[in-house]
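Student: Next comes query-v7.pdb, PDB, C-alpha atoms (C1' of nucleotides):
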```
MODEL        1
ATOM      1  CA  MET Q   1      34.368 -35.360  24.177
ATOM      2  CA  HIS Q   2      30.887 -36.314  23.015
ATOM      3  CA  TYR Q   3      27.930 -34.820  24.799
ATOM      4  CA  THR Q   4      25.962 -38.015  25.154
ATOM      5  CA  ARG Q   5      23.214 -38.307  27.688
ATOM      6  CA  ASP Q   6      25.343 -40.692  29.711
ATOM      7  CA  ASN Q   7      28.131 -38.172  29.864
ATOM      8  CA  MET Q   8      25.606 -35.583  30.970
ATOM      9  CA  ALA Q   9      24.764 -37.701  33.993
ATOM     10  CA  GLY Q  10      28.415 -37.713  34.977
ATOM     11  CA  LEU Q  11      28.713 -33.990  34.404
ATOM     12  CA  LEU Q  12      25.735 -33.352  36.633
ATOM     13  CA  ARG Q  13      27.053 -35.614  39.370
ATOM     14  CA  SER Q  14      30.431 -33.919  39.268
ATOM     15  CA  HIS Q  15      28.618 -30.661  39.972
ATOM     16  CA  ASP Q  16      26.710 -32.149  42.847
ATOM     17  CA  ILE Q  17      23.442 -32.332  40.956
ATOM     18  CA  ASN Q  18      21.193 -35.346  41.137
ATOM     19  CA  PRO Q  19      20.887 -36.465  37.504
ATOM     20  CA  THR Q  20      17.229 -36.916  36.769
ATOM     21  CA  HIS Q  21      15.645 -37.517  33.378
ATOM     22  CA  GLN Q  22      14.624 -33.910  32.910
ATOM     23  CA  ARG Q  23      17.922 -32.489  34.080
ATOM     24  CA  ILE Q  24      19.819 -34.728  31.704
ATOM     25  CA  GLU Q  25      17.653 -33.620  28.796
ATOM     26  CA  ILE Q  26      18.119 -29.959  29.636
ATOM     27  CA  ALA Q  27      21.874 -30.302  30.090
ATOM     28  CA  HIS Q  28      22.033 -32.201  26.821
ATOM     29  CA  ALA Q  29      20.165 -29.428  25.018
ATOM     30  CA  LEU Q  30      22.663 -26.854  26.220
ATOM     31  CA  PHE Q  31      25.918 -28.762  25.979
ATOM     32  CA  SER Q  32      25.402 -30.668  22.749
ATOM     33  CA  ARG Q  33      24.731 -27.373  20.989
ATOM     34  CA  GLN Q  34      27.309 -25.276  22.824
ATOM     35  CA  GLU Q  35      25.071 -22.292  22.191
ATOM     36  CA  HIS Q  36      23.426 -19.563  24.181
ATOM     37  CA  LEU Q  37      19.831 -20.524  24.781
ATOM     38  CA  SER Q  38      16.955 -18.810  26.495
ATOM     39  CA  ALA Q  39      14.605 -20.687  28.812
ATOM     40  CA  ASP Q  40      12.031 -20.672  26.019
ATOM     41  CA  GLN Q  41      14.389 -22.223  23.557
ATOM     42  CA  VAL Q  42      15.453 -24.884  26.029
ATOM     43  CA  MET Q  43      11.824 -25.729  26.605
ATOM     44  CA  ALA Q  44      11.117 -25.955  22.895
ATOM     45  CA  ILE Q  45      14.095 -28.239  22.294
ATOM     46  CA  VAL Q  46      13.354 -30.531  25.187
ATOM     47  CA  ASN Q  47       9.717 -30.889  24.198
ATOM     48  CA  THR Q  48      10.116 -31.349  20.433
ATOM     49  CA  ARG Q  49       8.889 -34.901  20.060
ATOM     50  CA  HIS Q  50       6.226 -34.895  22.748
ATOM     51  CA  SER Q  51       5.758 -32.802  25.832
ATOM     52  CA  GLU Q  52       8.128 -34.082  28.486
ATOM     53  CA  THR Q  53       9.149 -31.281  30.750
ATOM     54  CA  SER Q  54       7.096 -28.529  32.298
ATOM     55  CA  LYS Q  55       7.897 -24.844  32.279
ATOM     56  CA  ALA Q  56       8.410 -24.848  36.034
ATOM     57  CA  THR Q  57      10.989 -27.602  35.779
ATOM     58  CA  VAL Q  58      12.892 -25.865  33.008
ATOM     59  CA  TYR Q  59      13.142 -22.707  35.088
ATOM     60  CA  ASN Q  60      13.969 -24.562  38.284
ATOM     61  CA  THR Q  61      16.622 -26.606  36.552
ATOM     62  CA  LEU Q  62      18.293 -23.671  34.860
ATOM     63  CA  LYS Q  63      18.413 -21.854  38.164
ATOM     64  CA  LEU Q  64      19.915 -24.935  39.787
ATOM     65  CA  PHE Q  65      22.556 -25.233  37.058
ATOM     66  CA  LEU Q  66      23.392 -21.595  37.623
ATOM     67  CA  GLU Q  67      23.850 -22.018  41.361
ATOM     68  CA  LYS Q  68      26.021 -25.065  40.870
ATOM     69  CA  GLY Q  69      28.190 -23.264  38.354
ATOM     70  CA  LEU Q  70      27.316 -25.506  35.449
ATOM     71  CA  VAL Q  71      26.123 -22.679  33.265
ATOM     72  CA  ARG Q  72      26.399 -18.922  33.219
ATOM     73  CA  GLU Q  73      23.758 -16.271  32.771
ATOM     74  CA  VAL Q  74      24.140 -13.668  30.047
ATOM     75  CA  ILE Q  75      22.054 -10.538  30.317
ATOM     76  CA  VAL Q  76      22.104  -8.617  27.050
ATOM     77  CA  ASP Q  77      18.506  -8.387  26.007
ATOM     78  CA  PRO Q  78      15.998  -6.796  28.332
ATOM     79  CA  SER Q  79      13.344  -9.268  27.333
ATOM     80  CA  LYS Q  80      15.069 -12.555  28.040
ATOM     81  CA  VAL Q  81      18.012 -14.128  29.795
ATOM     82  CA  PHE Q  82      20.420 -16.404  27.951
ATOM     83  CA  PHE Q  83      22.136 -19.389  29.485
ATOM     84  CA  ASP Q  84      25.671 -20.116  28.426
ATOM     85  CA  PRO Q  85      27.185 -23.586  28.795
ATOM     86  CA  ASN Q  86      30.653 -22.092  28.455
ATOM     87  CA  THR Q  87      31.798 -21.112  31.953
ATOM     88  CA  SER Q  88      35.401 -20.373  31.127
ATOM     89  CA  PRO Q  89      36.262 -16.671  31.174
ATOM     90  CA  HIS Q  90      35.059 -15.021  28.019
ATOM     91  CA  HIS Q  91      33.114 -12.054  26.743
ATOM     92  CA  HIS Q  92      30.205 -11.568  24.398
ATOM     93  CA  LEU Q  93      29.377 -10.097  21.046
ATOM     94  CA  TYR Q  94      25.729  -9.215  20.619
ATOM     95  CA  GLU Q  95      24.167  -8.416  17.269
ATOM     96  CA  VAL Q  96      21.444  -6.010  18.206
ATOM     97  CA  ASP Q  97      19.292  -6.493  15.106
ATOM     98  CA  SER Q  98      19.270 -10.253  14.905
ATOM     99  CA  GLY Q  99      19.659 -11.032  18.594
ATOM    100  CA  LYS Q 100      22.576 -13.293  17.771
ATOM    101  CA  LEU Q 101      24.984 -13.777  20.644
ATOM    102  CA  SER Q 102      28.498 -15.154  20.283
ATOM    103  CA  ASP Q 103      31.583 -15.604  22.421
ATOM    104  CA  ILE Q 104      34.725 -13.522  22.488
ATOM    105  CA  ASP Q 105      37.672 -15.427  23.850
ATOM    106  CA  ALA Q 106      39.041 -13.658  26.928
ATOM    107  CA  GLU Q 107      42.565 -14.853  26.321
ATOM    108  CA  HIS Q 108      43.852 -11.762  24.588
ATOM    109  CA  VAL Q 109      41.526  -9.199  26.076
ATOM    110  CA  VAL Q 110      42.977  -7.017  28.787
ATOM    111  CA  ILE Q 111      40.927  -4.695  30.929
ATOM    112  CA  SER Q 112      43.061  -2.314  32.949
ATOM    113  CA  GLY Q 113      42.625   0.781  35.014
ATOM    114  CA  LEU Q 114      39.512  -0.269  36.898
ATOM    115  CA  PRO Q 115      39.220   1.601  40.194
ATOM    116  CA  PRO Q 116      39.486  -0.342  43.466
ATOM    117  CA  LEU Q 117      36.270  -1.922  44.698
ATOM    118  CA  PRO Q 118      34.341  -0.390  47.564
ATOM    119  CA  ALA Q 119      35.365  -1.861  50.916
ATOM    120  CA  GLY Q 120      33.746  -5.160  51.833
ATOM    121  CA  MET Q 121      32.971  -6.081  48.258
ATOM    122  CA  VAL Q 122      34.228  -8.928  46.119
ATOM    123  CA  THR Q 123      33.974  -9.228  42.401
ATOM    124  CA  GLU Q 124      31.470 -11.776  41.317
ATOM    125  CA  GLY Q 125      32.218 -11.344  37.644
ATOM    126  CA  ILE Q 126      33.034  -8.889  34.928
ATOM    127  CA  ASP Q 127      30.750  -8.830  31.935
ATOM    128  CA  LEU Q 128      31.994  -7.241  28.770
ATOM    129  CA  ILE Q 129      29.445  -6.968  26.004
ATOM    130  CA  VAL Q 130      30.220  -5.581  22.584
ATOM    131  CA  ARG Q 131      27.006  -4.481  20.946
ATOM    132  CA  VAL Q 132      27.204  -4.401  17.164
ATOM    133  CA  ARG Q 133      24.856  -3.573  14.365
ATOM    134  CA  ARG Q 134      24.839  -4.348  10.676
ATOM    135  CA  THR Q 135      25.904  -1.359   8.575
ATOM    136  CA  GLY Q 136      23.490   0.414   6.272
TER     137      GLY Q 136
ATOM    138  CA  MET C   1      24.176  23.775  36.462
ATOM    139  CA  HIS C   2      20.824  23.413  38.197
ATOM    140  CA  TYR C   3      18.367  20.956  36.837
ATOM    141  CA  THR C   4      15.354  23.206  36.946
ATOM    142  CA  ARG C   5      12.304  22.452  34.883
ATOM    143  CA  ASP C   6      13.084  25.451  32.690
ATOM    144  CA  ASN C   7      16.521  24.118  31.976
ATOM    145  CA  MET C   8      14.964  20.780  31.137
ATOM    146  CA  ALA C   9      12.936  22.417  28.390
ATOM    147  CA  GLY C  10      16.136  23.756  26.863
ATOM    148  CA  LEU C  11      17.834  20.417  27.186
ATOM    149  CA  LEU C  12      14.970  18.699  25.415
ATOM    150  CA  ARG C  13      14.911  21.273  22.623
ATOM    151  CA  SER C  14      18.639  20.916  22.125
ATOM    152  CA  HIS C  15      18.040  17.223  21.550
ATOM    153  CA  ASP C  16      15.285  17.885  19.065
ATOM    154  CA  ILE C  17      12.530  16.878  21.440
ATOM    155  CA  ASN C  18       9.353  18.859  21.752
ATOM    156  CA  PRO C  19       9.264  19.831  25.431
ATOM    157  CA  THR C  20       5.835  18.930  26.720
ATOM    158  CA  HIS C  21       4.720  19.000  30.309
ATOM    159  CA  GLN C  22       5.128  15.260  30.813
ATOM    160  CA  ARG C  23       8.484  15.088  29.091
ATOM    161  CA  ILE C  24       9.820  17.866  31.260
ATOM    162  CA  GLU C  25       8.682  16.090  34.398
ATOM    163  CA  ILE C  26      10.301  12.841  33.319
ATOM    164  CA  ALA C  27      13.547  14.516  32.317
ATOM    165  CA  HIS C  28      13.544  16.370  35.616
ATOM    166  CA  ALA C  29      13.117  13.129  37.530
ATOM    167  CA  LEU C  30      16.146  11.620  35.839
ATOM    168  CA  PHE C  31      18.483  14.589  35.677
ATOM    169  CA  SER C  32      17.845  16.217  39.032
ATOM    170  CA  ARG C  33      18.710  12.928  40.701
ATOM    171  CA  GLN C  34      21.521  11.895  38.373
ATOM    172  CA  GLU C  35      20.668   8.321  39.201
ATOM    173  CA  HIS C  36      19.832   5.150  37.358
ATOM    174  CA  LEU C  37      16.086   4.728  37.385
ATOM    175  CA  SER C  38      13.786   2.054  36.039
ATOM    176  CA  ALA C  39      10.563   2.920  34.221
ATOM    177  CA  ASP C  40       8.674   1.986  37.390
ATOM    178  CA  GLN C  41      10.669   4.335  39.505
ATOM    179  CA  VAL C  42      10.266   7.164  37.031
ATOM    180  CA  MET C  43       6.540   6.624  37.065
ATOM    181  CA  ALA C  44       6.400   6.615  40.848
ATOM    182  CA  ILE C  45       8.404   9.836  41.090
ATOM    183  CA  VAL C  46       6.437  11.660  38.448
ATOM    184  CA  ASN C  47       3.126  10.699  39.996
ATOM    185  CA  THR C  48       3.914  11.305  43.660
ATOM    186  CA  ARG C  49       1.611  14.224  44.369
ATOM    187  CA  HIS C  50      -1.258  13.248  42.131
ATOM    188  CA  SER C  51      -1.470  11.081  39.072
ATOM    189  CA  GLU C  52      -0.165  13.105  36.158
ATOM    190  CA  THR C  53       1.417  10.812  33.630
ATOM    191  CA  SER C  54       0.278   7.486  32.289
ATOM    192  CA  LYS C  55       2.326   4.344  32.008
ATOM    193  CA  ALA C  56       2.209   4.495  28.218
ATOM    194  CA  THR C  57       3.628   7.998  28.225
ATOM    195  CA  VAL C  58       6.431   7.094  30.582
ATOM    196  CA  TYR C  59       7.458   4.219  28.326
ATOM    197  CA  ASN C  60       7.028   6.248  25.140
ATOM    198  CA  THR C  61       9.026   9.106  26.550
ATOM    199  CA  LEU C  62      11.882   6.994  27.825
ATOM    200  CA  LYS C  63      12.131   5.312  24.455
ATOM    201  CA  LEU C  64      12.146   8.705  22.771
ATOM    202  CA  PHE C  65      14.892   9.983  25.073
ATOM    203  CA  LEU C  66      16.878   6.882  24.219
ATOM    204  CA  GLU C  67      16.551   7.413  20.460
ATOM    205  CA  LYS C  68      17.516  11.044  20.778
ATOM    206  CA  GLY C  69      20.572  10.198  22.824
ATOM    207  CA  LEU C  70      19.423  11.982  25.937
ATOM    208  CA  VAL C  71      19.706   8.937  28.137
ATOM    209  CA  ARG C  72      21.309   5.538  27.951
ATOM    210  CA  GLU C  73      19.925   2.107  28.676
ATOM    211  CA  VAL C  74      21.670  -0.135  31.177
ATOM    212  CA  ILE C  75      20.865  -3.819  31.135
ATOM    213  CA  VAL C  76      22.157  -5.514  34.260
ATOM    214  CA  ASP C  77      19.125  -6.997  35.888
ATOM    215  CA  PRO C  78      17.057  -9.509  33.976
ATOM    216  CA  SER C  79      13.850  -8.138  35.425
ATOM    217  CA  LYS C  80      14.105  -4.466  34.555
ATOM    218  CA  VAL C  81      15.945  -1.952  32.428
ATOM    219  CA  PHE C  82      17.610   1.068  33.971
ATOM    220  CA  PHE C  83      17.855   4.461  32.332
ATOM    221  CA  ASP C  84      21.005   6.451  32.854
ATOM    222  CA  PRO C  85      21.053  10.239  32.412
ATOM    223  CA  ASN C  86      24.839  10.119  32.114
ATOM    224  CA  THR C  87      25.651   9.576  28.444
ATOM    225  CA  SER C  88      29.369  10.248  28.621
ATOM    226  CA  PRO C  89      31.488   7.110  28.232
ATOM    227  CA  HIS C  90      31.516   5.168  31.456
ATOM    228  CA  HIS C  91      31.041   1.727  32.885
ATOM    229  CA  HIS C  92      28.954   0.269  35.673
ATOM    230  CA  LEU C  93      29.310  -1.314  39.036
ATOM    231  CA  TYR C  94      26.388  -3.468  40.037
ATOM    232  CA  GLU C  95      25.827  -4.689  43.571
ATOM    233  CA  VAL C  96      24.070  -7.971  43.017
ATOM    234  CA  ASP C  97      22.469  -8.237  46.461
ATOM    235  CA  SER C  98      21.062  -4.753  46.791
ATOM    236  CA  GLY C  99      20.510  -3.997  43.120
ATOM    237  CA  LYS C 100      22.466  -0.781  43.543
ATOM    238  CA  LEU C 101      24.008   0.495  40.331
ATOM    239  CA  SER C 102      26.788   3.081  40.148
ATOM    240  CA  ASP C 103      29.069   4.570  37.549
ATOM    241  CA  ILE C 104      32.698   3.799  36.855
ATOM    242  CA  ASP C 105      34.452   6.613  35.077
ATOM    243  CA  ALA C 106      35.834   5.392  31.759
ATOM    244  CA  GLU C 107      38.705   7.827  31.766
ATOM    245  CA  HIS C 108      41.346   5.463  33.105
ATOM    246  CA  VAL C 109      39.885   2.187  31.946
ATOM    247  CA  VAL C 110      41.512   0.622  28.925
ATOM    248  CA  ILE C 111      40.130  -2.365  27.106
ATOM    249  CA  SER C 112      42.583  -3.874  24.661
ATOM    250  CA  GLY C 113      42.973  -7.007  22.608
ATOM    251  CA  LEU C 114      39.422  -7.246  21.344
ATOM    252  CA  PRO C 115      39.261  -9.204  18.110
ATOM    253  CA  PRO C 116      38.228  -7.429  14.890
ATOM    254  CA  LEU C 117      34.503  -7.179  14.270
ATOM    255  CA  PRO C 118      32.811  -9.413  11.735
ATOM    256  CA  ALA C 119      32.619  -7.775   8.299
ATOM    257  CA  GLY C 120      29.775  -5.352   7.787
ATOM    258  CA  MET C 121      29.326  -4.652  11.468
ATOM    259  CA  VAL C 122      29.807  -1.466  13.447
ATOM    260  CA  THR C 123      30.111  -1.158  17.166
ATOM    261  CA  GLU C 124      27.068   0.331  18.741
ATOM    262  CA  GLY C 125      28.543   0.352  22.214
ATOM    263  CA  ILE C 126      30.666  -1.526  24.679
ATOM    264  CA  ASP C 127      29.146  -2.311  28.029
ATOM    265  CA  LEU C 128      31.411  -3.227  30.874
ATOM    266  CA  ILE C 129      29.675  -4.331  34.026
ATOM    267  CA  VAL C 130      31.492  -5.236  37.199
ATOM    268  CA  ARG C 131      29.240  -7.380  39.325
ATOM    269  CA  VAL C 132      30.100  -7.280  43.009
ATOM    270  CA  ARG C 133      28.744  -8.822  46.143
ATOM    271  CA  ARG C 134      29.103  -7.966  49.796
ATOM    272  CA  THR C 135      31.506 -10.330  51.538
ATOM    273  CA  GLY C 136      29.669 -12.871  53.592
TER     274      GLY C 136
ATOM    275  C1'  DT R   1     -11.128  34.016  16.866
ATOM    276  C1'  DC R   2     -12.043  29.651  14.839
ATOM    277  C1'  DC R   3     -10.601  25.590  12.201
ATOM    278  C1'  DG R   4      -7.868  21.634  10.901
ATOM    279  C1'  DG R   5      -4.167  18.789  10.996
ATOM    280  C1'  DA R   6      -0.249  17.066  13.336
ATOM    281  C1'  DT R   7       1.553  15.685  17.548
ATOM    282  C1'  DA R   8       1.006  13.874  22.278
ATOM    283  C1'  DT R   9      -1.401  11.576  25.926
ATOM    284  C1'  DT R  10      -4.434   8.242  27.872
ATOM    285  C1'  DA R  11      -6.913   3.959  29.774
ATOM    286  C1'  DG R  12      -7.014  -0.337  29.535
ATOM    287  C1'  DA R  13      -6.502  -4.717  27.047
ATOM    288  C1'  DC R  14      -2.903  -7.590  25.889
ATOM    289  C1'  DA R  15       1.672 -10.314  25.606
ATOM    290  C1'  DA R  16       5.730 -12.580  27.317
ATOM    291  C1'  DA R  17       8.951 -13.987  30.878
ATOM    292  C1'  DG R  18       9.261 -15.752  35.026
ATOM    293  C1'  DT R  19       7.504 -17.202  39.946
ATOM    294  C1'  DC R  20       4.869 -19.813  43.080
ATOM    295  C1'  DC R  21       2.241 -23.439  45.187
ATOM    296  C1'  DA R  22      -0.253 -27.536  46.400
ATOM    297  C1'  DG R  23      -0.738 -31.896  44.814
ATOM    298  C1'  DA R  24       1.053 -35.901  42.048
ATOM    299  C1'  DT R  25       4.992 -38.811  40.955
ATOM    300  C1'  DC R  26       9.364 -40.883  41.179
ATOM    301  C1'  DG R  27      12.920 -43.799  42.849
ATOM    302  C1'  DA R  28      16.016 -45.598  46.473
ATOM    303  C1'  DC R  29      16.005 -48.347  50.359
ATOM    304  C1'  DG R  30      14.465 -51.293  54.082
TER     305       DG R  30
ATOM    306  C1'  DC A   1       5.766 -53.896  48.697
ATOM    307  C1'  DG A   2       5.488 -49.380  51.395
ATOM    308  C1'  DT A   3       7.583 -45.252  52.932
ATOM    309  C1'  DC A   4       9.882 -40.911  52.552
ATOM    310  C1'  DG A   5      12.309 -37.233  50.664
ATOM    311  C1'  DA A   6      13.264 -35.279  46.419
ATOM    312  C1'  DT A   7      11.449 -33.934  42.119
ATOM    313  C1'  DC A   8       8.033 -32.639  38.801
ATOM    314  C1'  DT A   9       3.694 -30.651  37.289
ATOM    315  C1'  DG A  10      -0.350 -27.667  35.768
ATOM    316  C1'  DG A  11      -2.030 -23.640  36.222
ATOM    317  C1'  DA A  12      -2.836 -19.386  38.526
ATOM    318  C1'  DC A  13      -0.415 -15.334  39.291
ATOM    319  C1'  DT A  14       2.916 -11.200  38.929
ATOM    320  C1'  DT A  15       5.643  -7.998  36.565
ATOM    321  C1'  DT A  16       7.475  -5.504  32.796
ATOM    322  C1'  DG A  17       6.503  -3.752  28.780
ATOM    323  C1'  DT A  18       3.599  -3.125  24.227
ATOM    324  C1'  DC A  19      -0.366  -1.869  21.525
ATOM    325  C1'  DT A  20      -4.497   0.456  20.074
ATOM    326  C1'  DA A  21      -8.179   3.370  19.415
ATOM    327  C1'  DA A  22     -10.043   7.356  21.336
ATOM    328  C1'  DT A  23      -9.172  11.880  23.211
ATOM    329  C1'  DA A  24      -6.647  16.064  24.148
ATOM    330  C1'  DT A  25      -3.387  19.609  23.076
ATOM    331  C1'  DC A  26      -0.799  22.641  20.282
ATOM    332  C1'  DC A  27      -0.015  25.737  16.526
ATOM    333  C1'  DG A  28      -0.317  28.121  12.088
ATOM    334  C1'  DG A  29      -3.299  30.283   8.918
ATOM    335  C1'  DA A  30      -7.725  32.408   7.202
TER     336       DA A  30
ENDMDL
END
```
Just give me the structure of the file as structure tokens.
Tutor:
Amino acid sequence: MHYTRDNMAGLLRSHDINPTHQRIEIAHALFSRQEHLSADQVMAIVNTRHSETSKATVYNTLKLFLEKGLVREVIVDPSKVFFDPNTSPHHHLYEVDSGKLSDIDAEHVVISGLPPLPAGMVTEGIDLIVRVRRTG
Amino acid sequence: MHYTRDNMAGLLRSHDINPTHQRIEIAHALFSRQEHLSADQVMAIVNTRHSETSKATVYNTLKLFLEKGLVREVIVDPSKVFFDPNTSPHHHLYEVDSGKLSDIDAEHVVISGLPPLPAGMVTEGIDLIVRVRRTG
DNA sequence: TCCGGATATTAGACAAAGTCCAGATCGACG
DNA sequence: CGTCGATCTGGACTTTGTCTAATATCCGGA
């Protein structure tokens, strides 16, 4: 599967998102890299050659992608939110010093013994973040 | 154990923190409530009667408490950091709609199957956050 | 008691992330 | 082509948090 811009249009449509120029560029930035990017980084990537997409649009679009389940939000750093194009169940490894964020496959991870939820509540998601630091 | 201001002074000393007026007030705000508070909330509480403590001091003090292991940082909301006076191992339940944050005792929770850490890394902490939402 | 240095506090300027809005622009369709 | 709803935009604004230089407080020793 190549993350071409044409394929992005299809991906957007399949998530009920009208594929505009800007949205395709933003989706392409996220999916072709398969990395965790902040809004800032997305903006920088999309506007490398010449300014194409405004800050407001980047934020609006990322929020839209989030609502439509195209990307996932990862909150590990108090100063910025990361957007993750991988929506399959997985966890995160965060290197505190460098700010590097990587995936931990959920396949073999088991979390057991959680207490029952309060009445009238449904789980929206379980975030497991392993914070690590370089020794010495 | 009552969380009197006098006891706060002892608590601070036992964590190698010089117990000043402002620090005692801030510690008292956190520990007497045993709740998760943001810097904003701490500032509001400490300055209810009349302005006593500046913003800079609140931030400096919370950071100091963090370094000295007196409180713990909880990152669940992209817009603000919460400070948790409970430093014993535990997890968190976050109600997305209301922003309410509560503890999950770690005693019976088991997390297994995590992959080995990259070489030269040590775990700084594992954060488990259960995000819930009220059923519609 | 007075002095001096170390530690703490402060106001306010500043920075960065994100939101908001009113107007401009786009693009599909008749 | 002209219209209309959807989208995009610049820029002002808000909020959280940081920084700095000046001031205040504390404490030990002469």
Student: Using all atoms listed in the file, which protein or nucleic acid residues come within 9 Å of segment 3-16 of chain R? Drop anything in the same chain fewer than 4 positions from it, and give the result as a PyMOL selection string.
Tutor: (chain Q and resi 79) or (chain C and resi 20+22+53-57) or (chain A and resi 17-20+22-26+30)
Student: Looking at only C-alpha atoms (C1' of nucleotides), which of C:Thr48, C:Asn60, C:Thr4, C:Thr135 is the one that sits closest to chain A?
Tutor: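 Of C:Thr48, C:Asn60, C:Thr4, C:Thr135, the one nearest chain A is C:Asn60, counting only C-alpha atoms (C1' of nucleotides).
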Student: Quick check, in Å to one decimal: how far apart do atom CA of Glu67 of chain C and atom CA of Pro115 of chain C lie?
Tutor: 28.2 Å
Student: Could you name the residues that touch segment 23-39 of chain Q at 7 Å or less, counting only C-alpha atoms (C1' of nucleotides), but leaving out those on the same chain fewer than 5 positions away, as a list of chain:residue names?
Tutor: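 That gives Q:Tyr3, Q:Arg5, Q:Met8, Q:Ala9, Q:Ile45, Q:Val46, Q:Val58, Q:Tyr59, Q:Thr61, Q:Lys80, Q:Val81, Q:Phe82, Q:Phe83, Q:Asp84, Q:Pro85, Q:Leu101.
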Student: Carefully work through the PyMOL selection byres ((chain A) within 9 of (chain Q)) for this structure and note down the residues it includes, as a list in words.
Tutor: DT7, DC8, DT9, DG10, DT16 and DG17 of chain A
Student: With a distance threshold of 10 Å and counting all atoms listed in the file, extract the residues of chain R near chain Q and express them as a VMD selection string.
Tutor: chain R and resid 16 to 20 26
Student: Could you list, as a PDB file with C-alpha atoms, in the coordinates of the input, the residues of chain Q having an atom within 6 Å of chain C when counting all atoms listed in the file?
Tutor:
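Saved as out-v2.pdb:
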```pdb
ATOM      1  CA  HIS Q 108      43.852 -11.762  24.588  1.00  0.00           C
ATOM      2  CA  VAL Q 109      41.526  -9.199  26.076  1.00  0.00           C
ATOM      3  CA  VAL Q 110      42.977  -7.017  28.787  1.00  0.00           C
ATOM      4  CA  ILE Q 111      40.927  -4.695  30.929  1.00  0.00           C
ATOM      5  CA  SER Q 112      43.061  -2.314  32.949  1.00  0.00           C
ATOM      6  CA  GLY Q 113      42.625   0.781  35.014  1.00  0.00           C
ATOM      7  CA  LEU Q 114      39.512  -0.269  36.898  1.00  0.00           C
ATOM      8  CA  GLY Q 120      33.746  -5.160  51.833  1.00  0.00           C
ATOM      9  CA  MET Q 121      32.971  -6.081  48.258  1.00  0.00           C
ATOM     10  CA  VAL Q 122      34.228  -8.928  46.119  1.00  0.00           C
ATOM     11  CA  THR Q 123      33.974  -9.228  42.401  1.00  0.00           C
ATOM     12  CA  GLU Q 124      31.470 -11.776  41.317  1.00  0.00           C
ATOM     13  CA  GLY Q 125      32.218 -11.344  37.644  1.00  0.00           C
ATOM     14  CA  ILE Q 126      33.034  -8.889  34.928  1.00  0.00           C
ATOM     15  CA  ASP Q 127      30.750  -8.830  31.935  1.00  0.00           C
ATOM     16  CA  LEU Q 128      31.994  -7.241  28.770  1.00  0.00           C
ATOM     17  CA  ILE Q 129      29.445  -6.968  26.004  1.00  0.00           C
ATOM     18  CA  VAL Q 130      30.220  -5.581  22.584  1.00  0.00           C
ATOM     19  CA  ARG Q 131      27.006  -4.481  20.946  1.00  0.00           C
ATOM     20  CA  VAL Q 132      27.204  -4.401  17.164  1.00  0.00           C
ATOM     21  CA  ARG Q 133      24.856  -3.573  14.365  1.00  0.00           C
ATOM     22  CA  ARG Q 134      24.839  -4.348  10.676  1.00  0.00           C
ATOM     23  CA  THR Q 135      25.904  -1.359   8.575  1.00  0.00           C
TER      24      THR Q 135
END
```
Student: What does the distance between atom CA of Asp103 of chain Q and atom CA of His90 of chain Q come to in Å, to one decimal place?
Tutor: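 Computing the Euclidean distance for atom CA of Asp103 of chain Q and atom CA of His90 of chain Q yields 6.6 Å.
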Student: Taking 4 positions as the minimum chain separation for residues in the same chain, which residues sit within 12 Å of segment 3-6 of chain A when counting only C-alpha atoms (C1' of nucleotides)? Answer as a PyMOL selection string.
Tutor: (chain Q and resi 17-20) or (chain R and resi 25-30)
Student: Mind pulling up the distance from atom CA of Pro89 of chain Q to atom CA of Thr87 of chain C?
Tutor: 28.4 Å
Student: Regenerate segment 67-75 of chain Q at the level of N, CA and C atoms and dump it as a PDB file, in the coordinates of the input.
Tutor:
```
ATOM      1  N   GLU Q  67      23.315 -21.991  40.005  1.00  0.00           N
ATOM      2  CA  GLU Q  67      23.850 -22.018  41.361  1.00  0.00           C
ATOM      3  C   GLU Q  67      25.046 -22.946  41.477  1.00  0.00           C
ATOM      4  N   LYS Q  68      24.962 -24.067  40.775  1.00  0.00           N
ATOM      5  CA  LYS Q  68      26.021 -25.065  40.870  1.00  0.00           C
ATOM      6  C   LYS Q  68      27.175 -24.772  39.922  1.00  0.00           C
ATOM      7  N   GLY Q  69      27.083 -23.677  39.208  1.00  0.00           N
ATOM      8  CA  GLY Q  69      28.190 -23.264  38.354  1.00  0.00           C
ATOM      9  C   GLY Q  69      28.332 -24.072  37.074  1.00  0.00           C
ATOM     10  N   LEU Q  70      27.259 -24.688  36.657  1.00  0.00           N
ATOM     11  CA  LEU Q  70      27.316 -25.506  35.449  1.00  0.00           C
ATOM     12  C   LEU Q  70      27.115 -24.647  34.208  1.00  0.00           C
ATOM     13  N   VAL Q  71      26.334 -23.611  34.364  1.00  0.00           N
ATOM     14  CA  VAL Q  71      26.123 -22.679  33.265  1.00  0.00           C
ATOM     15  C   VAL Q  71      26.262 -21.257  33.794  1.00  0.00           C
ATOM     16  N   ARG Q  72      26.259 -20.331  32.879  1.00  0.00           N
ATOM     17  CA  ARG Q  72      26.399 -18.922  33.219  1.00  0.00           C
ATOM     18  C   ARG Q  72      25.253 -18.163  32.583  1.00  0.00           C
ATOM     19  N   GLU Q  73      24.878 -17.081  33.216  1.00  0.00           N
ATOM     20  CA  GLU Q  73      23.758 -16.271  32.771  1.00  0.00           C
ATOM     21  C   GLU Q  73      24.316 -15.112  31.953  1.00  0.00           C
ATOM     22  N   VAL Q  74      23.693 -14.821  30.831  1.00  0.00           N
ATOM     23  CA  VAL Q  74      24.140 -13.668  30.047  1.00  0.00           C
ATOM     24  C   VAL Q  74      22.962 -12.720  29.866  1.00  0.00           C
ATOM     25  N   ILE Q  75      23.133 -11.518  30.356  1.00  0.00           N
ATOM     26  CA  ILE Q  75      22.054 -10.538  30.317  1.00  0.00           C
ATOM     27  C   ILE Q  75      22.395  -9.473  29.293  1.00  0.00           C
TER      28      ILE Q  75
END
```
